[in-house]
Structure formats: structure tokens, C-alpha cells
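Asker: One structure is given below, represented as C-alpha cells, and several questions about it will come after.
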Amino acid sequence: MKIHEYQGRALFEEYGIPCPPSVLAENRKHASEIASEYAATVVVKAQVLSGGRGKAGGVKLADSPEEAAQKFSQIMGMEINSLKVEKVLITPAIDIAQEFYVGLAVDRAGHSITLMLSGSGGVDIETLAVEQPELIHKLPIDPAAGFENAEIDNVLTTVFEAPERVSQAKSIIGNLYRLFVEKDCSIAEINPLVLTDDDQLLAIDSKINFDDNGLIKHPELESLQNDEEYSADELQAKNMGLSFVSMDGNIGCIVNGAGLAMATMDLIKHFGGTPANFLDVGGSSNPEKVLNALKIILNNEKVEAILINIFGGITRCDDIAKGILMALEQIDIPVPMVIRLIGTNDTEGRELLGQAGLTCLDDLSEAVKRVVAAT
Ligand code: GDP
Ligand code: MN
């Protein structure tokens, strides 16, 4: 799950990472009021779930309240990386002596957290990573051992130099590490962490992604969810308790179990088709879920055929069949449907579907070939 800069700043504050004050501006007038309150040059910042806002013109300085209102109007509603700006943040402008980059990310292969640090942070960090990767220090942190180690101290000294600044940086990065671990982040970045003219370090941007699998441990993060992160279908599926990802093909898939769903998509590709979605109805037996799944799939106009692939273990095939029959009664299914049912109560399931004139297959390859042929 991604969050906006302003939401990340609130977490930074909670974790003792210093950042300048900021307020979301409701409208033009409010923007100028905030700027007069700060009585200084302000930065007007687009809040979108994407980086590169500065380069896209979504971060602008304003020298007066009038200018702040003007910049607010320019930025609100603009598109950045195909995302519409619907929130604008205003913060006092900082005089920057140097921009640092600080990042933490999960390194799955290394079973660790990677700390990334650079004395050349800012909007060109991606270019720097490609052209001068030696300027970005990377070191693994063993989550069992934690943030304290001599190697980190060495890199901090290399990057931040003066002892006073090194100890400030260490406290900030230590707090970021604590946030990262406690909230189950996959990425936490401060870019830039700036050095002010009076030698203070301040975070003036935040990027935080949470591991979706950790969210169940954090009810306090639920309110931070931004609907624009998901397609309308994905959001609907999320609210119905279905695991769904939209894709760009034309074969709608309803499968039980994530592994089987992936294997099903592989097989569709293997036989020359393209899946319209990944959908896992889960292991439970709930006819309602099948109905909901069909509704979501049929929202997608690209769908030309549907494949239902159920390998019944805990899932009972007769419950799936009941869900299909419920859907036939309640909604119009204007495309061919190929059903493969096997496992627990498959005889009962087949019988129910047979009475409604639907046939099911038990061979998956055969089912996939048929659905591909139907498109
Ligand atoms: P991003 O482009 O989406 O990463 O947005 P940032 O919030 O990082 O802002 C982009 C750039 O704008 C920063 O790297 C700074 O160079 C500049 N910037 C942002 N805030 C300030 C500020 O308070 N003062 C000054 N002088 N520049 C700023
Ligand atoms: Mn940034």
C-alpha cells in the first residue's frame, strides 16, 4: 500500500523524524491563508502516489500569498504520471545547503533490509543510480541484529562528515528504521533529507510503501488507504474480500487458490490466450463469492469468455455450482463460460449445473483450450 507525502510526514513526526510544518490546502483562498500564516516563501506540492513530482512541475515555490494561490490553481487538477492531483500540500520553503538521499527497502533475496545513503540526493537520484552508482552507499541490515553496527557508523561518517551532523543523521535514520520495521514497510525513503543553512537536517519529502501482507497487523493504517491506488474493479473486489488484479487480456478467470490461479494464467498463455484478470475466490465455500466474482469480471468490457477453474479441497464444488446458478438468475452473462470442477463434492456440483444445462470438464488443459478457442 502506498501513501501520500503528507501522510508519510505525519508518520515521520510520530517517529521523531524532523520535518517542516505543512498543511493541506482546501482551495485557492486557503492556500493564500496558509502562506500568510507561514509569512515566508512556501512550497506548493502536488500530492500524488508517484515520485518525480518536481520534474513534472508539481512542486513550486511561491514568494507571496497571492503567488501561493496561483500555484495552487496550477497544480490542483494537473496530471503527473497519469495521476490526477486532488490534494495540494503547502509548507514553508527551506534554504537548502545540501540534499541527501536516505532509503530503506526489503531485500528479499538477501533476507535483509537494505539501507541506501547518498550525499547527492534530490530529483536526479534515479539518474545517479545508473550513471554513478558508487555515489549511493548500500548496506544490508540484518533485521535480527538491528540498526546498530560499526559498518553503518562508517558509512554515516563518509556521507555526513561532521560529527554533530553524523549523530543527527544517525538519530533520523534510526527512527526511520524503527518506523520501517514496526509498520511493516516495503520501502521508506527520505529524498531529499536536507541540510539547512543553520546546519540542521530536515526531511522535506517522504515515500512510504507498506507490505500489504503486514496490513492485517496494523488497523491504525487502514484509514491511510487511498482509493486511487486501485482500479475500480480492484477496489470493488477488495471490499468483497476477493483477491483480484486486473490485466489486459480477454479471458476472465475465477479460480480457487492463488497458486492455481497463477498456474491457470500460465496455461492460458501457453495455449495462446491472454487472461483479463487474476482472481482468487479463496478457500472457503461461499456461493456469494462466485456471484461477486462474476459481477466484477463482467464489468470489464474486454472479457470475451470466462474460465472457472475449481480444484475442490476445502472449497466444495457444489457450493461453487450454487454460486454459478445464483449468478445465472441474478445477472446476464453474455459471454461463453467454461467450467472445470474437480474435487470435493464434484458429483453434486456437476449434477446441479447439469440441471441448468451447463457442462463441466475435469481436465484443465481441455478447459483452457476451449476457453481460448471461444475468444
Ligand atoms: P519529488 O520530485 O516528487 O521527489 O518531490 P520533492 O518533494 O522531493 O521535491 C522536489 C525538489 O524540489 C527537491 O529535491 C528540492 O530540490 C525542491 N524542493 C522541495 N522543497 C523545497 C524547499 O523547501 N526549498 C527548496 N529550496 N527546494 C525545495
Ligand atoms: Mn522527493
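Simple scheme: letters A, B, ... for chains in C-alpha cells order, numbers from 1 for residues in each chain, numbers from 1 for ligands in the order shown.
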Please write out the residues within 8 Å of ligand 1 as a PyMOL selection string, counting only C-alpha atoms and all ligand atoms.
Answerer: chain A and resi 5+42-43+45+50-56+58-61+91-96+99+121-123+191-192+204-206
Asker: List every residue of stretch 75-189 of chain A that DSSP, applied to the backbone of this structure, assigns to helix (DSSP H, G or I), and report them as JSON, numbers by chain.
Answerer: {"A": [75, 125, 126, 127, 128, 129, 130, 131, 133, 134, 135, 150, 151, 152, 153, 154, 155, 156, 157, 158, 159, 160, 163, 164, 165, 166, 167, 168, 169, 170, 171, 172, 173, 174, 175, 176, 177, 178, 179, 180, 181, 182]}
Asker: How would the residues just chosen look if you wrote them out with N, CA and C atoms as a compact mmCIF listing (two decimals), in the first residue's frame?
Answerer:
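Result file is again_5.txt:
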```
# COMPACT_ATOMS: atom_id res chain seq x y z
N ILE A 75 -1.44 23.68 -9.87
CA ILE A 75 -1.08 22.29 -9.53
C ILE A 75 -2.31 21.42 -9.31
N ILE A 125 18.14 11.35 -8.40
CA ILE A 125 18.68 10.14 -7.76
C ILE A 125 18.63 8.92 -8.69
N GLU A 126 17.58 8.82 -9.52
CA GLU A 126 17.47 7.66 -10.42
C GLU A 126 18.60 7.67 -11.45
N THR A 127 18.88 8.87 -12.01
CA THR A 127 19.97 9.01 -12.98
C THR A 127 21.30 8.68 -12.31
N LEU A 128 21.47 9.18 -11.09
CA LEU A 128 22.70 8.93 -10.34
C LEU A 128 22.89 7.42 -10.14
N ALA A 129 21.79 6.74 -9.82
CA ALA A 129 21.88 5.29 -9.56
C ALA A 129 22.40 4.55 -10.79
N VAL A 130 22.08 5.07 -11.98
CA VAL A 130 22.52 4.41 -13.21
C VAL A 130 23.93 4.86 -13.60
N GLU A 131 24.15 6.19 -13.52
CA GLU A 131 25.41 6.73 -14.07
C GLU A 131 26.57 6.74 -13.07
N PRO A 133 26.66 4.90 -9.75
CA PRO A 133 26.14 4.11 -8.62
C PRO A 133 27.08 4.12 -7.41
N GLU A 134 28.36 4.42 -7.63
CA GLU A 134 29.29 4.43 -6.50
C GLU A 134 28.97 5.57 -5.51
N LEU A 135 28.16 6.53 -5.95
CA LEU A 135 27.80 7.63 -5.05
C LEU A 135 26.62 7.27 -4.14
N ALA A 150 28.94 -1.14 13.40
CA ALA A 150 30.08 -0.29 13.08
C ALA A 150 30.10 0.10 11.60
N GLU A 151 29.65 -0.80 10.76
CA GLU A 151 29.67 -0.53 9.32
C GLU A 151 28.75 0.65 8.99
N ILE A 152 27.57 0.65 9.63
CA ILE A 152 26.64 1.77 9.41
C ILE A 152 27.30 3.07 9.88
N ASP A 153 27.93 3.03 11.04
CA ASP A 153 28.60 4.24 11.55
C ASP A 153 29.64 4.75 10.56
N ASN A 154 30.38 3.83 9.95
CA ASN A 154 31.39 4.23 8.96
C ASN A 154 30.77 4.95 7.77
N VAL A 155 29.69 4.35 7.23
CA VAL A 155 29.05 4.96 6.06
C VAL A 155 28.45 6.31 6.43
N LEU A 156 27.85 6.39 7.63
CA LEU A 156 27.28 7.67 8.07
C LEU A 156 28.35 8.75 8.11
N THR A 157 29.53 8.38 8.60
CA THR A 157 30.63 9.35 8.66
C THR A 157 31.07 9.76 7.26
N THR A 158 31.14 8.79 6.34
CA THR A 158 31.53 9.11 4.97
C THR A 158 30.54 10.09 4.34
N VAL A 159 29.25 9.86 4.57
CA VAL A 159 28.24 10.67 3.89
C VAL A 159 27.99 12.01 4.60
N PHE A 160 27.93 11.98 5.93
CA PHE A 160 27.50 13.19 6.65
C PHE A 160 28.67 13.98 7.27
N PRO A 163 30.90 15.45 12.86
CA PRO A 163 30.38 14.57 13.93
C PRO A 163 28.98 14.95 14.41
N GLU A 164 28.72 16.25 14.54
CA GLU A 164 27.40 16.72 15.01
C GLU A 164 26.31 16.28 14.02
N ARG A 165 26.62 16.40 12.71
CA ARG A 165 25.67 16.05 11.66
C ARG A 165 25.49 14.54 11.59
N VAL A 166 26.61 13.81 11.80
CA VAL A 166 26.55 12.35 11.78
C VAL A 166 25.60 11.86 12.88
N SER A 167 25.67 12.49 14.05
CA SER A 167 24.82 11.99 15.14
C SER A 167 23.35 12.36 14.89
N GLN A 168 23.12 13.54 14.27
CA GLN A 168 21.74 13.88 13.87
C GLN A 168 21.20 12.88 12.85
N ALA A 169 22.04 12.58 11.85
CA ALA A 169 21.63 11.65 10.78
C ALA A 169 21.35 10.28 11.38
N LYS A 170 22.19 9.87 12.33
CA LYS A 170 22.03 8.55 12.92
C LYS A 170 20.70 8.45 13.66
N SER A 171 20.34 9.53 14.35
CA SER A 171 19.06 9.51 15.06
C SER A 171 17.90 9.46 14.06
N ILE A 172 17.98 10.25 13.00
CA ILE A 172 16.90 10.27 11.99
C ILE A 172 16.77 8.90 11.31
N ILE A 173 17.90 8.36 10.90
CA ILE A 173 17.84 7.10 10.16
C ILE A 173 17.45 5.94 11.09
N GLY A 174 17.90 6.03 12.34
CA GLY A 174 17.48 5.03 13.33
C GLY A 174 15.96 5.07 13.52
N ASN A 175 15.40 6.27 13.55
CA ASN A 175 13.95 6.40 13.69
C ASN A 175 13.22 5.89 12.45
N LEU A 176 13.80 6.17 11.29
CA LEU A 176 13.20 5.68 10.05
C LEU A 176 13.22 4.14 10.03
N TYR A 177 14.30 3.58 10.53
CA TYR A 177 14.41 2.12 10.60
C TYR A 177 13.35 1.53 11.54
N ARG A 178 13.15 2.20 12.66
CA ARG A 178 12.14 1.77 13.63
C ARG A 178 10.75 1.82 12.99
N LEU A 179 10.47 2.91 12.28
CA LEU A 179 9.19 3.04 11.57
C LEU A 179 9.04 1.89 10.55
N PHE A 180 10.11 1.67 9.80
CA PHE A 180 10.11 0.65 8.75
C PHE A 180 9.74 -0.72 9.31
N VAL A 181 10.38 -1.07 10.42
CA VAL A 181 10.16 -2.41 11.00
C VAL A 181 8.80 -2.48 11.70
N GLU A 182 8.51 -1.47 12.51
CA GLU A 182 7.26 -1.52 13.29
C GLU A 182 6.02 -1.51 12.41
```
Asker: May I have the residues within 9 Å of stretch 327-329 of chain A as number ranges by chain, using only C-alpha atoms and disregarding those fewer than 2 positions away in the same chain?
Answerer: A: 288, 290-292, 294-295, 322-325, 331-333
Asker: Could the residues in this selection be written to a file with C-alpha atoms, as a short mmCIF file (atom, residue, chain, number, x, y, z; two decimals), in the first residue's frame?
Answerer:
```cif
data_model
loop_
_atom_site.label_atom_id
_atom_site.label_comp_id
_atom_site.auth_asym_id
_atom_site.auth_seq_id
_atom_site.Cartn_x
_atom_site.Cartn_y
_atom_site.Cartn_z
CA GLU A 288 -21.93 -15.34 -2.82
CA VAL A 290 -18.73 -16.69 -7.02
CA LEU A 291 -21.60 -14.33 -7.79
CA ASN A 292 -19.46 -11.31 -6.82
CA LEU A 294 -18.69 -12.94 -11.95
CA LYS A 295 -20.07 -9.43 -11.44
CA LYS A 322 -24.74 -22.91 -6.37
CA GLY A 323 -22.87 -19.63 -6.80
CA ILE A 324 -22.87 -20.05 -10.58
CA LEU A 325 -26.61 -20.82 -10.57
CA ILE A 331 -27.18 -11.29 -13.80
CA ASP A 332 -26.86 -11.54 -17.54
CA ILE A 333 -23.79 -13.48 -18.61
#
```
Asker: Tell me, as an MDAnalysis selection string, which residues lie within 10 Å of A:Ile3, counting only C-alpha atoms; anything in the same chain fewer than 4 positions away does not count.
Answerer: chainID A and resid 7:8 47:50 206:210 221 224:226 229
Asker: A:Tyr38: which residues within 12 Å, counting only C-alpha atoms, same-chain residues fewer than 3 positions away excluded, as number ranges by chain?
Answerer: A: 20-23, 31-35, 41-43, 62-65, 68, 90-94
Asker: I need the residues from that last selection saved to file as a compact mmCIF listing (two decimals), in the first residue's frame (with C-alpha atoms), if you can.
Answerer:
```
# COMPACT_ATOMS: atom_id res chain seq x y z
CA PRO A 20 8.93 21.36 8.48
CA PRO A 21 5.25 22.04 9.27
CA SER A 22 2.74 21.63 6.45
CA VAL A 23 -0.98 21.94 5.76
CA ALA A 31 -3.66 28.30 0.09
CA SER A 32 -3.04 32.03 0.42
CA GLU A 33 -4.11 31.97 4.09
CA ILE A 34 -1.62 29.20 4.86
CA ALA A 35 1.12 31.14 3.07
CA THR A 41 8.33 31.69 0.85
CA VAL A 42 6.36 28.47 0.67
CA VAL A 43 6.49 25.32 -1.42
CA ALA A 62 5.71 30.82 -4.06
CA ASP A 63 7.03 34.12 -2.67
CA SER A 64 3.72 35.63 -1.58
CA PRO A 65 0.22 34.53 -0.53
CA ALA A 68 0.70 30.57 -3.42
CA ILE A 90 1.81 23.79 1.49
CA THR A 91 4.96 24.01 3.56
CA PRO A 92 7.47 26.76 4.35
CA ALA A 93 10.38 26.69 1.88
CA ILE A 94 13.67 25.61 3.36
```
Asker: If you run DSSP on this backbone, which residues of stretch 165-352 of chain A come out as strand (DSSP E), and could you give them as number ranges by chain?
Answerer: A: 185-196, 201-203, 207-210, 243-246, 251-255, 277-280, 305-312, 337-343
Asker: Using Å and a single decimal, report how far atom CA of A:Gln200 sits from atom CA of A:Val102.
Answerer: 15.5 Å
Asker: Counting only C-alpha atoms, what is within 9 Å of A:Lys183, bar same-chain residues fewer than 6 positions away, as a list in words?
Answerer: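 The contact residues come out as Phe210, Asp211, Gly214, Leu215, Lys217, His218 and Leu221 of chain A.
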Asker: Residues near A:Asp227, anyone? I mean within 12 Å using only C-alpha atoms, not counting same-chain ones fewer than 2 positions away, as a PyMOL selection string.
Answerer: chain A and resi 1-4+48-49+222-225+229-236+238-239
Asker: To one decimal in Å, tell me the separation between atom CA of A:Ala203 and atom CA of A:Phe12.
Answerer: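 Computed distance, atom CA of A:Ala203 to atom CA of A:Phe12, equals 8.4 Å.
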